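Student: I am attaching a structure below and will ask some questions about it afterwards.
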Amino acid sequence: MYPPSSPATVTSRTKKSTQTTKGLRFFSILTFSYSIGKTSAFQLVTSIPSNHLGGNHHNFHSSSFRNDRTEAALSQLVQKWPFLYRSRGGSRDSNEGIDSKLSMSTTEEEIRRDTTPTIPSPETKQEKHPPILSSSGKSITTTSSHQFLKSEPDNREYRSITLKSNNLEVLLCSDPQTDVEAGAVHVRAGHFNDPPHRAGLAHFHEHMLFLGTEKYPEENSYESFLNTNGGSTNAYTDMEDTNYYFSVAPLDHDEEEEEEDLNHNGGTSGALSGALDRFAQFFVSPLFREDAVERELRAIDSEHSNSLGNDAWRGYQLLKSESDVNHPFHKFGCGNYDTLSGNYIKSDTAPREDLVQFWKDNYHASNIKLCVLGRASLDELQATVEETFSNVPSQRTDETTTTTASPPSSSSSSSDKMFQTENSNYNQIPPFGPAQLGLIRHVVPVKDNRSLKFQFATPPTSDPLVASTMPQRSISHLLGHESPGSLHYLLNNHPDGALINGLSSGTGVDGSDFSLFSLALSLTPLGVQRREDVINLCWQWIALIRSTIESQQPSSPTALGNDDASMDYMDVYNMEKMANQPTMEEYHEELKHLSQIGFRFRENGDPTDFCSNAAELLFECEPWELLAGKSIKANYNATVVKAFMERFTPENTLITINAQDFKADGAPADETAISLDHMPWKKEQWYGAEYRQMRIPDTVMENWANPPKIDGRLKLPALNQFIPTDFTLRCEDDIIDAATKQQNNTDSIQESQANELANAPPELILQKRGLRLWQKTDSTFKVPKMTMNVAITSPELYKSPRAMTLARLFQKVLYDDLNSYVYDAGMAGCSYRIVAAPSGFRIVISGYNDKLPILADVLLNRITTLISEMQQDTDPNSEEHTILLQKFNKATVNLLRETKNYRLDSPVEVAMYNSRILMEEKAWHVHNYIDEMEGSDALLEPLTMKECGNLVQSAFSGRVKVQALCIGNIDKEGALDLATVLETHIFKTHRPLGQDETPKFRSLKLPTDSEAKQIYGKDYTSRSIPTVVEEVAYSPAEENHAVEITMQTGCDYTLGYEGVAIMELLGHLAYPSAYNRLRTKEQLGYIVSSYVKTTVGGGRGLSIEVQSNTKLPHELEERCEAWLASFRTELEEMSEEDLTKEAAAVVAQFLERNMKLSHEANRVWTEIQLTELLGEEDKQPVFDRLKRIAAVLTIKDADHDQEPMVDGRMTAAELKQKLLDFFDKYLDASSSERRAMSSRIYGQKAKDKYEENIGKPGIFSKYEHIRHLKQFLGSYPLAPYWK
């Protein structure tokens, strides 16, 4: 949809290195955390989605998977990320350790040789466990804290233990500074273990574990406890694994809390020990309640239905369905009602029987790993784990145990086999053998996306030889590089126009016995037409890399056999190019060096992410190396690299081309050698992907395997010049300077000064001519990194849909233009992004401060010159003009495609978008943007480069005001130097923007029932939801309906601190209640949520959203209203003790400390940006705003009234009454002040129901009707609530 940070408006520079999924992960949406509202006022619905599926960014009571607890829409978790990469940046797998798993954009960096961390010798770590260090009564310590290889900023303590009762391996992590505690269990069993007659059983089993255990039989006991303690939970099912994880926030009342069923241990918080006790019962005594089976079968079916139109799911299942039927990768892992209920394949056993058997077979201590992170000491955490997990059963050997997926069987492998684990499992049957490879496939996507993907069968990354040498890393690095002379560069700068939009490479699917290495290209329309040329050039690029590898092979014989098999390449390869070209070993060492820098300065991340990933890694590496992985010490092996590269052949690849062009009306005949016009179209069984395929002709294979020539413009990249070398910390200089000035006890001065610097907000160090610069030298995280944020406020960008479109086009052209020149900077940990936001341009530059000024200078200088080049009336036949015009035209085509694809987003996302269109005063509709790029008006007045340059020039150098922040490893002098660079390149001629000229974005007031009677006329019938917006899903195949009900509660100014706090508490309580009633019990649909919704200008309200394939929108509204009435009863019946705990959970999340430098940067920048559109009298950011909101919910102890209390602090009884009064005023269906609307989306099969409502009073079916209504609506004031 139109999130405030959609890729169209926030485009980060991420390197194209290895990104991997072990497989499609099915998520159990059981998330009960609450993310406090931090959405800034200008974050509009107007940002057109780019290359993702969209979504809302309201305040949400969920913690979407691996997102550092930021606001995330629970309803989008499966929609947006149908398969989540097992690794986040860098090469995937255990070789990268926690370092790569915890950061989406973590750079593979490395330190210089003289400062490389001491790495324990591998020879000393041969046994499964190091020598026993200590033993308690219930467990054995296998790795102590000092043995762990840690990064410099990491002040946590670690310990691995094995429980004596069941041999369960556990990783403990003690972090006294954490505000979030977490735990996770990883099970080595996934949908590969599904029995043939019950497809989706592992996924179904994962859902069922949450629905009660013998010790805690209530279905929502676990989730309710977590929610009360400010926590969250979720799980995913993978190919061969299932992962369960949770988080809690330690609360002040924990020390007084007593658990009847659990003996608390020392300093372990009640929140963590209580959660672990409930969590452990999943693996001790789950109930698998018969009365819950049918309901959860419906939930699985709804989950499957939600993904039927998702191209990522469709493509992935097609890959599985066309794999070898005898390998478990072929299975349908999600499952649906028919496969799980027995309707698809009849069975002698009932679903519950199979659930119990699956649990017995796979859920035992020898098949799971546990990770726990908490504030308590290691000893205290160990005691808690011993108490809670000692009863997990050991491995069962009884005769009832069954096996549905064959275990590894490497004993049959020949001794001369290089990759010993490849095809060693599942009866040594590869999922992709000769019958499944050497094919070319056409697929028709749902959305207008075009892509080309090569998938090569390769050994698993966990193979010992691959893990220790990482050949895929350097190969992926070269294939995906974007420097001048690369494959990307030539395809993107083709003389006739760009053939690709982007390119990436790396291990894509990874199992225990196989992997698929992918080279993926996003094609332009011209690229689809010239696909044969694109493919040919890809094979030339592969040949060039192979010839480089072979030319550097050792002369001695190797285990590879025929070393001369590919020497024909040397006849066509220009040897002179190799003279100054880096060797493969140099590329390998550079990447290794980058990994080491990245690990050395890796900051601690989200505890939940850490536990989830660490539990998995316990299966793959020794505990002592888990934090770093093996990438920091992987040695180059020329023989292994050559053997890996030999897999890149036409016979060993599957080529898939996705394009709607294949079935478009009037599509031209394909007369190439790889034409599939004669092949019949098929439909994949489970998701319905339409495809055709054929075997690649032998003559074509020969030409691809041995290209007649290699394009002379292709050349491998030089070594990276952006790798940082200066890691000096500026904060140490500041502390020493302060101590010198005091001229007394240096130690005490340093300590006090360090604390003062760490807790201080940024300082305003420059204020002139509309420019305000804030700066803070980091002294908390102490990493040699910094971030510079710049906001250029201008009324130019959002004055019309045309202006916003031109601004976005400039953003795209700039990225395309700079890409090849700053690619190395991204690889080396420096990144930038430029955002065309409604209130002006945003620039963010971040990374290692050593090289950041260079990147800043390049970026800012190119912005200036690009504007100038666009404005100039240059010779239209000149090469420079032609290239720039091609980039502009390419950007226009892509932006149009991305904008039009919005219409195919999920129904619930479209519903949320339509709500914002009505409630926000100035919000251009998606159709407005489309009309600027195609149609009759676009033909009469096409978008031009000159117009684009003029618009951007005025947005940068016209009437503007600028706010900037430099934070991290940078002092005042360095910040002022960057400000000078900023002024020199961009703001030399700018004029300060007056307050009256500052763009203003307001939220409109929905009409109450009485106001609706006046607006809608005499035919309007009084109802609790006066205003309804309706639309039919755009996709002909969409079967789901959706509804979002929003009840406005006012705005920031009218609510004040107290109202905002009560609103947040209400949202915190609403989500689990709505989920339990509407999703778990009533099974209305898989996507159910209730959350605090914020709109521009500080508007707030409570929203309820449901997506369903069984209930029509008006039926969903009825059920939501019924839940709302029951929720009022729940609030009234809630005890003061429970309310105190719930309020404390919200307070804990408000006061959650920053975990890393980027978190602090984002938080303080948000506070600065909240003042962007305000007058001068309100320009001072309130950096303690969240603390002030938290103070409202900090309950006064009624038993200690004689003690001094903070002014305004309420008792639990007072807070409860205010909560009920708030509900009755704004949310109650009978309230005269209720301002409510419903946004409905109908599936295609219910189009007749939609048409029946057209023209009814208060129901709006067209955008022009919504636009007409908005002129009757008043707006909320823009004044901030903190004044």
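Order determines the names: the first chain of the structure tokens is A, the second B, and so forth; residues in each chain are numbered 1 upward, and ligands are numbered 1 upward as they are shown.
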Find the residues near Glu1132 (chain A): any atom within 9 Å, counting only C-alpha atoms, skip ones fewer than 2 places away on the same chain, and give them as a list in words.
Tutor: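 Here the answer would be Phe1127, Arg1128, Thr1129, Glu1130, Met1134, Ser1135, Lys1216, Gln1217 and Leu1220 of chain A.
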Student: Which neighbours of region 1185-1188 of chain A fall inside 7 Å, counting only C-alpha atoms, when residues of the same chain fewer than 3 positions from it are skipped, and could you give them as a ChimeraX atom specification?
Tutor: /A:1150-1151,1182,1191-1192
Student: Name the residues in contact with Asp971 (chain A) at a cut-off of 7 Å, using only C-alpha atoms, excluding same-chain residues fewer than 4 positions from it; report them as a PDB file with all heavy atoms, in the first residue's frame.
Tutor:
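What ended up in part.pdb:
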```
ATOM      1  N   ARG A 730      35.859   9.342  18.297  1.00  0.00           N
ATOM      2  CA  ARG A 730      35.873  10.754  18.650  1.00  0.00           C
ATOM      3  C   ARG A 730      35.418  10.995  20.081  1.00  0.00           C
ATOM      4  O   ARG A 730      35.808  11.968  20.699  1.00  0.00           O
ATOM      5  CB  ARG A 730      34.954  11.538  17.703  1.00  0.00           C
ATOM      6  CG  ARG A 730      35.256  11.344  16.220  1.00  0.00           C
ATOM      7  CD  ARG A 730      36.645  11.876  15.844  1.00  0.00           C
ATOM      8  NE  ARG A 730      36.855  11.789  14.394  1.00  0.00           N
ATOM      9  CZ  ARG A 730      37.473  10.783  13.808  1.00  0.00           C
ATOM     10  NH1 ARG A 730      37.937   9.765  14.528  1.00  0.00           N
ATOM     11  NH2 ARG A 730      37.640  10.775  12.494  1.00  0.00           N
ATOM     12  N   THR A 777      28.003  13.518  19.505  1.00  0.00           N
ATOM     13  CA  THR A 777      29.084  12.541  19.435  1.00  0.00           C
ATOM     14  C   THR A 777      28.704  11.343  20.283  1.00  0.00           C
ATOM     15  O   THR A 777      28.460  11.481  21.483  1.00  0.00           O
ATOM     16  CB  THR A 777      30.402  13.140  19.937  1.00  0.00           C
ATOM     17  OG1 THR A 777      30.713  14.307  19.183  1.00  0.00           O
ATOM     18  CG2 THR A 777      31.532  12.134  19.810  1.00  0.00           C
ATOM     19  N   ALA A 975      30.949  17.729  11.890  1.00  0.00           N
ATOM     20  CA  ALA A 975      29.570  17.996  11.489  1.00  0.00           C
ATOM     21  C   ALA A 975      29.475  19.303  10.723  1.00  0.00           C
ATOM     22  O   ALA A 975      28.766  19.407   9.715  1.00  0.00           O
ATOM     23  CB  ALA A 975      28.669  18.022  12.721  1.00  0.00           C
TER      24      ALA A 975
END
```
Student: Using only C-alpha atoms, determine which residues lie at most 12 Å from Ala664 (chain A), disregarding the query and same-chain residues fewer than 5 positions distant; provide the list as a list in words.
Tutor: Val444, Pro445, Asp448, Ala659 and Ala669 of chain A
Student: I need the residues from that last selection saved to file as a compact mmCIF listing (two decimals), in the first residue's frame (with N, CA, C and O atoms), if you can.
Tutor:
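What landed in part_26.txt:
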```
# COMPACT_ATOMS: atom_id res chain seq x y z
N VAL A 444 3.70 -16.60 -16.13
CA VAL A 444 2.89 -15.39 -16.21
C VAL A 444 2.56 -14.94 -14.80
O VAL A 444 1.81 -15.61 -14.09
N PRO A 445 3.12 -13.81 -14.35
CA PRO A 445 2.86 -13.36 -12.98
C PRO A 445 1.52 -12.66 -12.85
O PRO A 445 0.91 -12.25 -13.86
N ASP A 448 2.44 -6.90 -12.74
CA ASP A 448 3.22 -6.57 -13.92
C ASP A 448 4.70 -6.48 -13.55
O ASP A 448 5.25 -5.40 -13.39
N ALA A 659 6.93 -12.84 -17.02
CA ALA A 659 6.45 -11.66 -17.74
C ALA A 659 5.01 -11.87 -18.16
O ALA A 659 4.63 -12.96 -18.63
N ALA A 669 5.27 -12.99 -32.22
CA ALA A 669 5.79 -14.35 -32.20
C ALA A 669 7.27 -14.35 -31.84
O ALA A 669 8.02 -13.45 -32.21
```
Student: Please, what distance in Å, to one decimal, runs between CA of Asn604 (chain A) and CA of Leu373 (chain A)?
Tutor: 11.9 Å
Student: With only C-alpha atoms as the atoms that count, which of A:Ile657, A:Val185, A:Val1164, A:Ala760 lies nearest to Glu690 (chain A)?
Tutor: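 Using only C-alpha atoms, the shortest distance to Glu690 (chain A) belongs to A:Ile657.
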Student: Which residue is closest to Trp359 (chain A)? Choose from A:Arg450, A:Ser1035, A:Tyr244, A:Asn193 and count only C-alpha atoms.
Tutor: A:Asn193
Student: If we count only C-alpha atoms, what is near region 462-473 of chain A at a cut-off of 6 Å, once residues fewer than 2 positions away on the same chain are taken out, given as a list of chain:residue names?
Tutor: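 The residues satisfying every condition are A:Asn95, A:Thr421, A:Pro460, A:Ile475, A:Ser476, A:Ala634, A:Asn635, A:Tyr636, A:Val641.
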Student: Rank nothing, just name the residue among A:Glu482, A:Glu294, A:Glu1214, A:Asp238 nearest to Gly826 (chain A), using only C-alpha atoms.
Tutor: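 Of A:Glu482, A:Glu294, A:Glu1214, A:Asp238, the one nearest Gly826 (chain A), counting only C-alpha atoms, is A:Glu482.
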Student: What's the 12 Å shell around Ile883 (chain A), counting only C-alpha atoms, without same-chain residues fewer than 5 positions away, as a list in words?
Tutor: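 Near Ile883 (chain A), the qualifying residues are Asn492, Asn493, His494, Pro495, Asp496, Gly497, Ala498, Val813, Asp816, Asp817, Glu869, Met870, Pro876, Asn877, Ser878, Phe888, Asn889 and Lys890 of chain A.
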Student: Which of region 722-865 of chain A end up as strand (DSSP E) when DSSP is run on this backbone - answer as a ChimeraX atom specification?
Tutor: /A:763-768,771-777,785-793,831-837,840-848
Student: Can you measure CA of Asp661 (chain A) to CA of Ile1241 (chain A) for me? One decimal in Å is fine.
Tutor: 28.3 Å
Student: If you measure from CA of Leu149 (chain A) to CA of Glu625 (chain A), what distance in Å do you get, rounded to one decimal?
Tutor: 6.0 Å
Student: Looking at only C-alpha atoms, which of A:Leu773, A:His327, A:Tyr216, A:Gly230 is the one that sits closest to Phe279 (chain A)?
Tutor: A:Tyr216
Student: So that I can check the secondary structure, give me every residue of region 688-890 of chain A assigned helix (DSSP H, G or I) by backbone DSSP, as a PyMOL selection string.
Tutor: chain A and resi 698-705+730-742+746-759+801-827+852-871+879-890
Student: Go through A:Ala383, A:Ile930, A:Leu1219, A:Ile867 and flag the residue nearest Ser139 (chain A), using only C-alpha atoms for the distances.
Tutor: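 Checking each of A:Ala383, A:Ile930, A:Leu1219, A:Ile867 against Ser139 (chain A), counting only C-alpha atoms, the winner is A:Ala383.
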